[in-house]
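Here is input_25.txt, consisting of compact mmCIF, C-alpha atoms:
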# COMPACT_ATOMS: atom_id res chain seq x y z
CA MET A 19 2.01 50.61 31.33
CA THR A 20 1.46 48.40 28.28
CA ARG A 21 -1.91 48.82 26.58
CA LEU A 22 -3.06 46.44 23.85
CA VAL A 23 -6.20 47.16 21.82
CA VAL A 24 -7.70 44.57 19.47
CA ASP A 25 -10.09 46.56 17.29
CA ASN A 26 -12.74 44.81 15.21
CA VAL A 27 -10.34 42.08 14.08
CA SER A 28 -11.47 39.41 11.60
CA HIS A 29 -9.50 36.66 9.92
CA THR A 30 -10.44 34.39 7.05
CA TYR A 31 -8.49 31.36 5.80
CA ASP A 32 -8.43 30.28 2.17
CA HIS A 33 -8.99 26.52 2.25
CA ASN A 34 -8.96 25.00 -1.24
CA SER A 35 -10.43 28.21 -2.68
CA THR A 36 -13.12 28.26 0.02
CA MET A 37 -13.01 31.22 2.39
CA CYS A 38 -13.37 30.02 5.98
CA PRO A 39 -13.89 32.65 8.71
CA ALA A 40 -11.81 32.00 11.83
CA LEU A 41 -12.46 35.28 13.67
CA THR A 42 -15.26 37.81 13.21
CA GLU A 43 -15.12 41.38 14.54
CA VAL A 44 -13.23 40.62 17.74
CA SER A 45 -12.54 43.64 19.96
CA PHE A 46 -11.07 43.96 23.45
CA GLU A 47 -8.50 45.88 25.44
CA ALA A 48 -5.89 44.58 27.88
CA HIS A 49 -3.20 46.16 30.04
CA GLY A 50 0.14 45.40 31.62
CA GLY A 51 -0.24 43.65 34.97
CA GLU A 52 -3.23 41.62 33.78
CA LEU A 53 -3.49 37.86 33.33
CA VAL A 54 -6.17 37.39 30.66
CA GLY A 55 -7.59 33.95 29.90
CA ILE A 56 -9.10 33.04 26.53
CA VAL A 57 -11.44 30.03 26.52
CA GLY A 58 -13.71 28.29 24.06
CA PRO A 59 -14.23 24.97 22.28
CA SER A 60 -11.72 23.60 19.78
CA GLY A 61 -11.85 25.46 16.48
CA CYS A 62 -13.39 28.64 17.93
CA GLY A 63 -10.44 30.85 16.92
CA LYS A 64 -8.42 31.02 20.16
CA SER A 65 -5.05 30.14 18.64
CA THR A 66 -5.75 32.27 15.57
CA LEU A 67 -6.39 35.26 17.83
CA LEU A 68 -3.17 34.62 19.73
CA SER A 69 -1.24 34.33 16.45
CA ILE A 70 -2.63 37.67 15.24
CA ILE A 71 -1.79 39.41 18.51
CA GLY A 72 1.75 38.01 18.38
CA GLY A 73 2.33 39.03 14.77
CA ILE A 74 2.62 35.49 13.43
CA ILE A 75 -0.23 36.14 10.99
CA SER A 76 -1.99 39.36 10.04
CA PRO A 77 -5.72 40.05 10.34
CA THR A 78 -7.90 40.07 7.25
CA SER A 79 -9.54 43.24 8.56
CA GLY A 80 -9.43 45.36 11.68
CA CYS A 81 -6.29 46.48 13.50
CA LEU A 82 -4.25 46.19 16.68
CA LEU A 83 -2.82 49.06 18.68
CA LEU A 84 0.08 48.82 21.09
CA ASP A 85 0.47 51.73 23.50
CA GLY A 86 -1.71 53.90 21.26
CA LYS A 87 0.14 53.15 18.02
CA GLU A 88 -1.29 50.93 15.29
CA ILE A 89 0.81 47.82 14.68
CA ASP A 90 2.29 47.76 11.18
CA GLN A 91 1.15 44.50 9.55
CA ARG A 92 3.95 44.30 6.98
CA ASP A 93 5.91 41.05 7.37
CA THR A 94 9.21 42.75 8.17
CA GLN A 95 7.65 44.92 10.87
CA ARG A 96 5.77 42.04 12.45
CA THR A 97 9.01 40.03 12.57
CA LYS A 98 10.78 42.83 14.45
CA LEU A 99 7.90 43.15 16.88
CA ARG A 100 7.70 39.41 17.58
CA ASN A 101 11.18 39.27 19.03
CA SER A 102 11.19 42.59 20.87
CA VAL A 103 7.69 42.96 22.33
CA PHE A 104 6.33 39.41 22.64
CA GLY A 105 7.36 36.24 24.42
CA PHE A 106 5.74 32.94 23.43
CA VAL A 107 4.98 29.81 25.46
CA PHE A 108 3.76 26.68 23.65
CA GLN A 109 1.87 23.56 24.71
CA ASP A 110 4.48 21.23 23.19
CA PHE A 111 7.36 23.32 24.61
CA ALA A 112 9.00 23.82 21.13
CA LEU A 113 12.47 23.23 22.56
CA ILE A 114 15.55 21.74 20.88
CA GLU A 115 15.83 18.39 22.64
CA GLN A 116 19.57 17.82 22.29
CA ASP A 117 20.54 21.32 23.44
CA SER A 118 20.88 22.49 27.02
CA ALA A 119 18.29 24.54 28.86
CA ARG A 120 20.58 27.59 28.61
CA THR A 121 21.12 27.21 24.86
CA ASN A 122 17.37 27.00 24.29
CA VAL A 123 16.72 30.13 26.35
CA GLU A 124 19.48 32.00 24.50
CA LEU A 125 17.81 31.45 21.13
CA PRO A 126 15.66 34.65 21.00
CA LEU A 127 18.74 36.71 21.88
CA ARG A 128 20.53 35.40 18.80
CA TYR A 129 17.86 37.01 16.63
CA ASN A 130 17.87 40.34 18.43
CA GLN A 131 17.99 43.41 16.20
CA VAL A 132 21.13 44.53 18.02
CA ARG A 133 23.89 41.93 18.23
CA ILE A 134 24.36 40.66 21.77
CA PRO A 135 27.79 39.20 22.67
CA GLY A 136 27.79 35.50 23.59
CA ARG A 137 28.86 36.15 27.18
CA ILE A 138 25.93 38.52 27.72
CA ARG A 139 23.52 36.08 26.07
CA ARG A 140 24.61 33.32 28.42
CA GLN A 141 24.30 35.58 31.47
CA ARG A 142 20.80 36.67 30.50
CA ALA A 143 19.73 33.10 29.79
CA VAL A 144 20.94 31.94 33.20
CA ALA A 145 19.16 34.87 34.88
CA ALA A 146 15.91 33.98 33.06
CA LEU A 147 16.22 30.34 34.15
CA LYS A 148 16.73 31.49 37.72
CA THR A 149 13.42 33.40 37.65
CA VAL A 150 11.61 30.10 36.98
CA ASP A 151 13.68 28.11 39.52
CA MET A 152 15.64 26.24 36.86
CA ASP A 153 19.12 27.57 37.61
CA GLU A 154 20.22 24.10 38.78
CA TYR A 155 19.55 22.71 35.31
CA VAL A 156 21.30 25.33 33.18
CA LEU A 157 23.51 22.84 31.31
CA ARG A 158 21.11 19.89 31.42
CA PRO A 159 20.00 18.69 27.95
CA VAL A 160 16.29 19.30 27.48
CA ARG A 161 15.70 15.63 26.62
CA LEU A 162 16.57 14.74 30.23
CA LEU A 163 14.06 17.17 31.77
CA SER A 164 10.51 16.41 32.93
CA GLY A 165 7.48 18.00 31.29
CA GLY A 166 7.13 20.60 34.02
CA GLN A 167 10.82 21.46 33.82
CA ARG A 168 10.63 21.79 30.04
CA GLN A 169 7.74 24.20 30.28
CA ARG A 170 9.66 26.29 32.79
CA VAL A 171 12.52 26.43 30.29
CA GLY A 172 9.96 27.51 27.69
CA LEU A 173 8.77 30.28 29.98
CA ALA A 174 12.34 31.41 30.64
CA ARG A 175 12.88 31.61 26.87
CA ALA A 176 9.73 33.74 26.58
CA LEU A 177 11.05 36.13 29.24
CA VAL A 178 14.70 36.42 28.22
CA ASN A 179 14.11 39.39 25.89
CA ASP A 180 12.15 41.23 28.60
CA PRO A 181 8.91 41.33 26.56
CA LYS A 182 5.98 43.59 27.29
CA ILE A 183 3.49 40.83 26.47
CA VAL A 184 3.65 37.07 27.08
CA LEU A 185 1.39 34.87 24.94
CA ALA A 186 0.82 31.32 26.16
CA ASP A 187 -1.06 28.79 23.99
CA GLU A 188 -2.28 25.93 26.19
CA PRO A 189 0.86 26.15 28.38
CA THR A 190 -0.39 23.47 30.77
CA GLY A 191 -2.05 21.19 28.20
CA ALA A 192 0.72 18.56 28.33
CA LEU A 193 1.26 18.71 32.10
CA ASP A 194 -0.16 16.95 35.15
CA THR A 195 -2.06 18.89 37.81
CA LYS A 196 0.95 19.63 40.01
CA ASN A 197 3.06 20.98 37.17
CA SER A 198 0.08 22.84 35.67
CA ASP A 199 -0.44 24.69 38.94
CA MET A 200 3.27 25.50 39.17
CA VAL A 201 3.50 26.87 35.61
CA PHE A 202 0.31 28.88 36.04
CA SER A 203 1.61 30.32 39.28
CA LEU A 204 4.72 31.46 37.42
CA LEU A 205 2.57 33.11 34.74
CA LYS A 206 0.60 34.95 37.42
CA SER A 207 3.89 36.11 38.92
CA VAL A 208 5.00 37.42 35.51
CA ALA A 209 1.76 39.45 35.28
CA THR A 210 2.13 40.90 38.76
CA LYS A 211 5.49 42.34 37.69
CA GLY A 212 3.75 44.52 35.12
CA ARG A 213 3.68 42.42 31.96
CA LEU A 214 0.51 41.59 30.09
CA VAL A 215 0.00 37.82 30.00
CA ILE A 216 -2.62 36.29 27.68
CA VAL A 217 -3.31 32.58 28.09
CA VAL A 218 -5.35 30.23 25.91
CA THR A 219 -6.51 27.33 28.07
CA HIS A 220 -8.98 24.47 28.27
CA ASN A 221 -8.43 24.16 32.02
CA PHE A 222 -11.52 25.53 33.80
CA ASP A 223 -9.80 26.08 37.14
CA LEU A 224 -6.89 27.95 35.60
CA ALA A 225 -9.19 30.08 33.46
CA LEU A 226 -11.20 31.11 36.50
CA ALA A 227 -7.99 32.06 38.31
CA CYS A 228 -7.21 34.67 35.62
CA ASP A 229 -7.88 38.35 36.27
CA ARG A 230 -10.25 38.36 33.31
CA VAL A 231 -11.74 35.74 30.97
CA ILE A 232 -12.68 36.19 27.31
CA ALA A 233 -14.88 33.44 25.90
CA LEU A 234 -14.96 32.70 22.16
CA ARG A 235 -17.34 30.64 20.09
CA ASP A 236 -17.36 30.34 16.29
CA GLY A 237 -14.80 33.13 16.04
CA ARG A 238 -16.76 35.66 18.08
CA ILE A 239 -16.56 36.89 21.65
CA VAL A 240 -19.64 35.58 23.43
CA ALA A 241 -18.77 36.58 27.00
CA ALA A 242 -16.07 38.56 28.77
CA SER A 243 -15.71 39.67 32.34
CA ASP A 244 -13.44 39.74 35.35
CA VAL A 245 -16.00 37.41 36.96
CA LEU A 246 -17.38 34.61 34.77
CA PRO A 247 -19.31 31.88 36.61
CA ARG A 248 -17.71 28.44 36.34
CA ARG A 249 -20.88 27.09 34.74
CA MET A 250 -20.64 29.67 31.94
CA VAL A 251 -16.95 28.92 31.31
CA GLU A 252 -17.67 25.19 31.15
CA THR A 253 -20.66 25.74 28.86
CA VAL A 254 -18.62 27.90 26.48
CA GLN A 255 -15.77 25.41 26.53
CA ASN A 256 -18.15 22.61 25.60
CA GLY A 257 -19.47 24.63 22.67
CA LYS A 258 -23.02 24.90 24.02
CA TYR A 259 -23.14 28.55 25.02
CA VAL A 260 -25.49 30.68 22.94
CA GLN A 261 -25.20 34.44 23.36
CA THR A 262 -28.35 36.51 23.58
CA GLY A 263 -28.61 40.26 23.29
CA SER A 264 -25.94 42.69 22.12
CA ASN A 265 -22.20 42.18 22.09
CA PRO A 266 -20.65 41.96 25.57
CA ASP A 267 -18.77 44.87 27.08
CA ILE A 268 -15.24 43.55 27.10
CA SER A 269 -13.40 46.60 28.43
CA LYS A 270 -12.14 46.37 31.97

In structure tokens, write the structure found in this file.
Amino acid sequence: MTRLVVDNVSHTYDHNSTMCPALTEVSFEAHGGELVGIVGPSGCGKSTLLSIIGGIISPTSGCLLLDGKEIDQRDTQRTKLRNSVFGFVFQDFALIEQDSARTNVELPLRYNQVRIPGRIRRQRAVAALKTVDMDEYVLRPVRLLSGGQRQRVGLARALVNDPKIVLADEPTGALDTKNSDMVFSLLKSVATKGRLVIVVTHNFDLALACDRVIALRDGRIVAASDVLPRRMVETVQNGKYVQTGSNPDISK
């Protein structure tokens, strides 16, 4: 089973020669089969944390371990890992509007380390679309799809390479309640099949439906548990939560 360890990770941005801390000594562990929610006010470091986990940027200090092995932070190694271990879901879908749903889902397969024949790519893309109930729209241009349908295409693209870990950054942020519930239900289903799913969200109800919630404020973990009271989640999200005492125990 997949095991991800984030060990004492910090990240600092250089903004006009001023060093701005985005994350400070963040540590937690997560496993395959879990749906982990990350909450906190805007600017607290949620997306930065997701980007570090997914190998888009490297930490300033600290390290990440995947299945007991430290992740190599060299650019070339992170690039390989991004397309083989991780699947990404974005708030704005990040799809190519004029292309079909199938062509969009095929895209990660085109960058696979081992060349995959076109026929196999198409078959795998169709199979991924079927898992999110979009097999009727395989050849439909993305520009003709609804928001909920686009996000399901985005999820199919995240799954097509059979990743160990799915990272979703505000996956329901651009959707109405009905489509938000549907997409979140699909993410829960992905987790129940053994993948680790980590979701950044501002949606209180969805966060509380996760197996575990990690709350950030000012780049630090201020609370983490498999049971966080709604009032605490809302308080953290609004930027008013003040931690007292020692660092929280964030291991499951």

Axis-aligned box for region 170-189 of chain A, 8 Å per side, centre and edges in Å as JSON:
{"center_x": 6.2, "center_y": 34.8, "center_z": 28.4, "size_x": 33.0, "size_y": 33.7, "size_z": 24.8}

- Looking at A:Glu43, A:Glu52, A:Asp32, A:Asp25, which one is nearest to Leu234 (chain A), with distances taken over all atoms listed in the file?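 Using all atoms listed in the file, the shortest distance to Leu234 (chain A) belongs to A:Glu43.
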
- Message: Report, in Å with one decimal, the straight-line distance from CA of Gly166 (chain A) to CA of Arg137 (chain A).
- Response: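 Between CA of Gly166 (chain A) and CA of Arg137 (chain A) the gap works out to 27.6 Å.
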
- Query: Of the residues A:Gly51, A:Phe108, A:Lys148, A:Leu41, which is the one nearest to Cys228 (chain A), using only C-alpha atoms?
  - Reply: A:Gly51

- Skip Arg140 (chain A) itself and residues of its chain fewer than 2 positions away, then list as a ChimeraX atom specification all residues within 9 Å of it, counting all atoms listed in the file. /A:120-121,123-124,135-138,142-145

- Query: Which one is closest to Arg235 (chain A): A:Met200, A:Val44, A:Val24, A:Met19? Count only C-alpha atoms.
  - Reply: A:Val44

Identify the residues around (-9.9, 29.4, 26.0) within a radius of 7 Å, measuring from only C-alpha atoms in the coordinates stated by the file, and give them as a compact mmCIF listing (two decimals) with C-alpha atoms, in the frame of the given file.
# COMPACT_ATOMS: atom_id res chain seq x y z
CA GLY A 55 -7.59 33.95 29.90
CA ILE A 56 -9.10 33.04 26.53
CA VAL A 57 -11.44 30.03 26.52
CA GLY A 58 -13.71 28.29 24.06
CA LYS A 64 -8.42 31.02 20.16
CA VAL A 218 -5.35 30.23 25.91
CA THR A 219 -6.51 27.33 28.07
CA HIS A 220 -8.98 24.47 28.27
CA ALA A 233 -14.88 33.44 25.90

- Message: Quick check, in Å to one decimal: how far apart do CA of Thr66 (chain A) and CA of Leu177 (chain A) lie?
- Response: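 Interatomic distance, CA of Thr66 (chain A) to CA of Leu177 (chain A): 22.0 Å.
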
- Taking (13.6, 23.2, 35.8) in the file's coordinates, which residues come within 7 Å, counting only C-alpha atoms, written as a PyMOL selection string? chain A and resi 151-152+155+167-168+170-171

- Query: When you draw a straight line from CA of Val107 (chain A) to CA of Ala119 (chain A), how long is it in Å?
  - Reply: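 Those two atoms sit 14.7 Å apart.
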
- Could you check which of A:Ile134, A:Val208, A:Ala186, A:Val160 is closest to Ala146 (chain A), using only C-alpha atoms? A:Val208

- Using all atoms listed in the file, find the one residue out of A:Cys81, A:Ala176, A:Val23, A:Leu67 that sits nearest to Arg238 (chain A).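 Answer, going by the shortest atom-to-atom distance: A:Leu67.
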
Within 9 Å of region 72-79 of chain A: each region 141-204 of chain A residue with its shortest pair, all atoms listed in the file, as a tab-separated table:
residue	atom	partner	partner_atom	distance
A:Ile183	CA	A:Gly72	CA	8.7
A:Val184	CA	A:Gly72	CA	9.0
A:Leu185	CA	A:Gly72	CA	7.3

- Of the candidates A:Gly80, A:Val215, A:Val150, A:Thr190, which one gets nearest to Leu68 (chain A) if we count all atoms listed in the file?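 Under the stated criterion, the closest residue is A:Val215.
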
- Neighbours of region 92-102 of chain A within 9 Å (all atoms listed in the file; same-chain residues fewer than 3 positions away dropped), as a ChimeraX atom specification? /A:72-76,89,105-106,126-127,129-131,179-182

Starting from the sparse input, extend region 74-95 of chain A to N, CA, C and O atoms and give the output as an mmCIF file, in the coordinates of the input.
data_model
loop_
_atom_site.group_PDB
_atom_site.id
_atom_site.type_symbol
_atom_site.label_atom_id
_atom_site.label_comp_id
_atom_site.auth_asym_id
_atom_site.auth_seq_id
_atom_site.Cartn_x
_atom_site.Cartn_y
_atom_site.Cartn_z
ATOM 1 N N ILE A 74 2.275 36.659 14.236
ATOM 2 C CA ILE A 74 2.620 35.490 13.430
ATOM 3 C C ILE A 74 1.847 35.515 12.118
ATOM 4 O O ILE A 74 2.372 35.186 11.053
ATOM 5 N N ILE A 75 0.583 35.917 12.186
ATOM 6 C CA ILE A 75 -0.230 36.140 10.990
ATOM 7 C C ILE A 75 -0.881 37.514 11.116
ATOM 8 O O ILE A 75 -0.953 38.082 12.218
ATOM 9 N N SER A 76 -1.348 38.049 10.013
ATOM 10 C CA SER A 76 -1.990 39.360 10.040
ATOM 11 C C SER A 76 -3.499 39.207 9.916
ATOM 12 O O SER A 76 -3.979 38.235 9.329
ATOM 13 N N PRO A 77 -4.268 40.136 10.456
ATOM 14 C CA PRO A 77 -5.720 40.050 10.340
ATOM 15 C C PRO A 77 -6.179 40.341 8.920
ATOM 16 O O PRO A 77 -5.519 41.083 8.181
ATOM 17 N N THR A 78 -7.306 39.760 8.543
ATOM 18 C CA THR A 78 -7.900 40.070 7.250
ATOM 19 C C THR A 78 -8.479 41.486 7.262
ATOM 20 O O THR A 78 -8.408 42.212 6.267
ATOM 21 N N SER A 79 -9.041 41.875 8.385
ATOM 22 C CA SER A 79 -9.540 43.240 8.560
ATOM 23 C C SER A 79 -9.443 43.600 10.037
ATOM 24 O O SER A 79 -9.245 42.747 10.890
ATOM 25 N N GLY A 80 -9.596 44.892 10.309
ATOM 26 C CA GLY A 80 -9.430 45.360 11.680
ATOM 27 C C GLY A 80 -7.971 45.696 11.951
ATOM 28 O O GLY A 80 -7.097 45.567 11.077
ATOM 29 N N CYS A 81 -7.668 46.107 13.178
ATOM 30 C CA CYS A 81 -6.290 46.480 13.500
ATOM 31 C C CYS A 81 -5.997 46.233 14.973
ATOM 32 O O CYS A 81 -6.896 45.984 15.773
ATOM 33 N N LEU A 82 -4.712 46.291 15.304
ATOM 34 C CA LEU A 82 -4.250 46.190 16.680
ATOM 35 C C LEU A 82 -3.431 47.420 17.006
ATOM 36 O O LEU A 82 -2.672 47.909 16.156
ATOM 37 N N LEU A 83 -3.586 47.915 18.222
ATOM 38 C CA LEU A 83 -2.820 49.060 18.680
ATOM 39 C C LEU A 83 -2.027 48.671 19.913
ATOM 40 O O LEU A 83 -2.558 48.012 20.821
ATOM 41 N N LEU A 84 -0.775 49.057 19.932
ATOM 42 C CA LEU A 84 0.080 48.820 21.090
ATOM 43 C C LEU A 84 0.539 50.170 21.623
ATOM 44 O O LEU A 84 1.186 50.937 20.907
ATOM 45 N N ASP A 85 0.138 50.451 22.863
ATOM 46 C CA ASP A 85 0.470 51.730 23.500
ATOM 47 C C ASP A 85 0.061 52.922 22.633
ATOM 48 O O ASP A 85 0.803 53.899 22.466
ATOM 49 N N GLY A 86 -1.135 52.798 22.029
ATOM 50 C CA GLY A 86 -1.710 53.900 21.260
ATOM 51 C C GLY A 86 -1.274 53.980 19.817
ATOM 52 O O GLY A 86 -1.782 54.821 19.074
ATOM 53 N N LYS A 87 -0.359 53.113 19.395
ATOM 54 C CA LYS A 87 0.140 53.150 18.020
ATOM 55 C C LYS A 87 -0.293 51.895 17.277
ATOM 56 O O LYS A 87 -0.110 50.776 17.771
ATOM 57 N N GLU A 88 -0.848 52.083 16.074
ATOM 58 C CA GLU A 88 -1.290 50.930 15.290
ATOM 59 C C GLU A 88 -0.104 50.070 14.878
ATOM 60 O O GLU A 88 0.933 50.580 14.433
ATOM 61 N N ILE A 89 -0.257 48.749 15.039
ATOM 62 C CA ILE A 89 0.810 47.820 14.680
ATOM 63 C C ILE A 89 0.871 47.666 13.162
ATOM 64 O O ILE A 89 -0.124 47.347 12.515
ATOM 65 N N ASP A 90 2.050 47.903 12.617
ATOM 66 C CA ASP A 90 2.290 47.760 11.180
ATOM 67 C C ASP A 90 2.232 46.282 10.816
ATOM 68 O O ASP A 90 2.969 45.468 11.377
ATOM 69 N N GLN A 91 1.361 45.902 9.885
ATOM 70 C CA GLN A 91 1.150 44.500 9.550
ATOM 71 C C GLN A 91 2.043 43.987 8.421
ATOM 72 O O GLN A 91 1.897 42.849 7.980
ATOM 73 N N ARG A 92 2.996 44.803 7.969
ATOM 74 C CA ARG A 92 3.950 44.300 6.980
ATOM 75 C C ARG A 92 4.814 43.211 7.625
ATOM 76 O O ARG A 92 5.160 43.289 8.806
ATOM 77 N N ASP A 93 5.181 42.198 6.842
ATOM 78 C CA ASP A 93 5.910 41.050 7.370
ATOM 79 C C ASP A 93 7.175 41.457 8.118
ATOM 80 O O ASP A 93 7.460 40.943 9.214
ATOM 81 N N THR A 94 7.949 42.359 7.544
ATOM 82 C CA THR A 94 9.210 42.750 8.170
ATOM 83 C C THR A 94 8.986 43.418 9.519
ATOM 84 O O THR A 94 9.740 43.192 10.472
ATOM 85 N N GLN A 95 7.943 44.225 9.614
ATOM 86 C CA GLN A 95 7.650 44.920 10.870
ATOM 87 C C GLN A 95 7.121 43.971 11.921
ATOM 88 O O GLN A 95 7.454 44.082 13.108
#
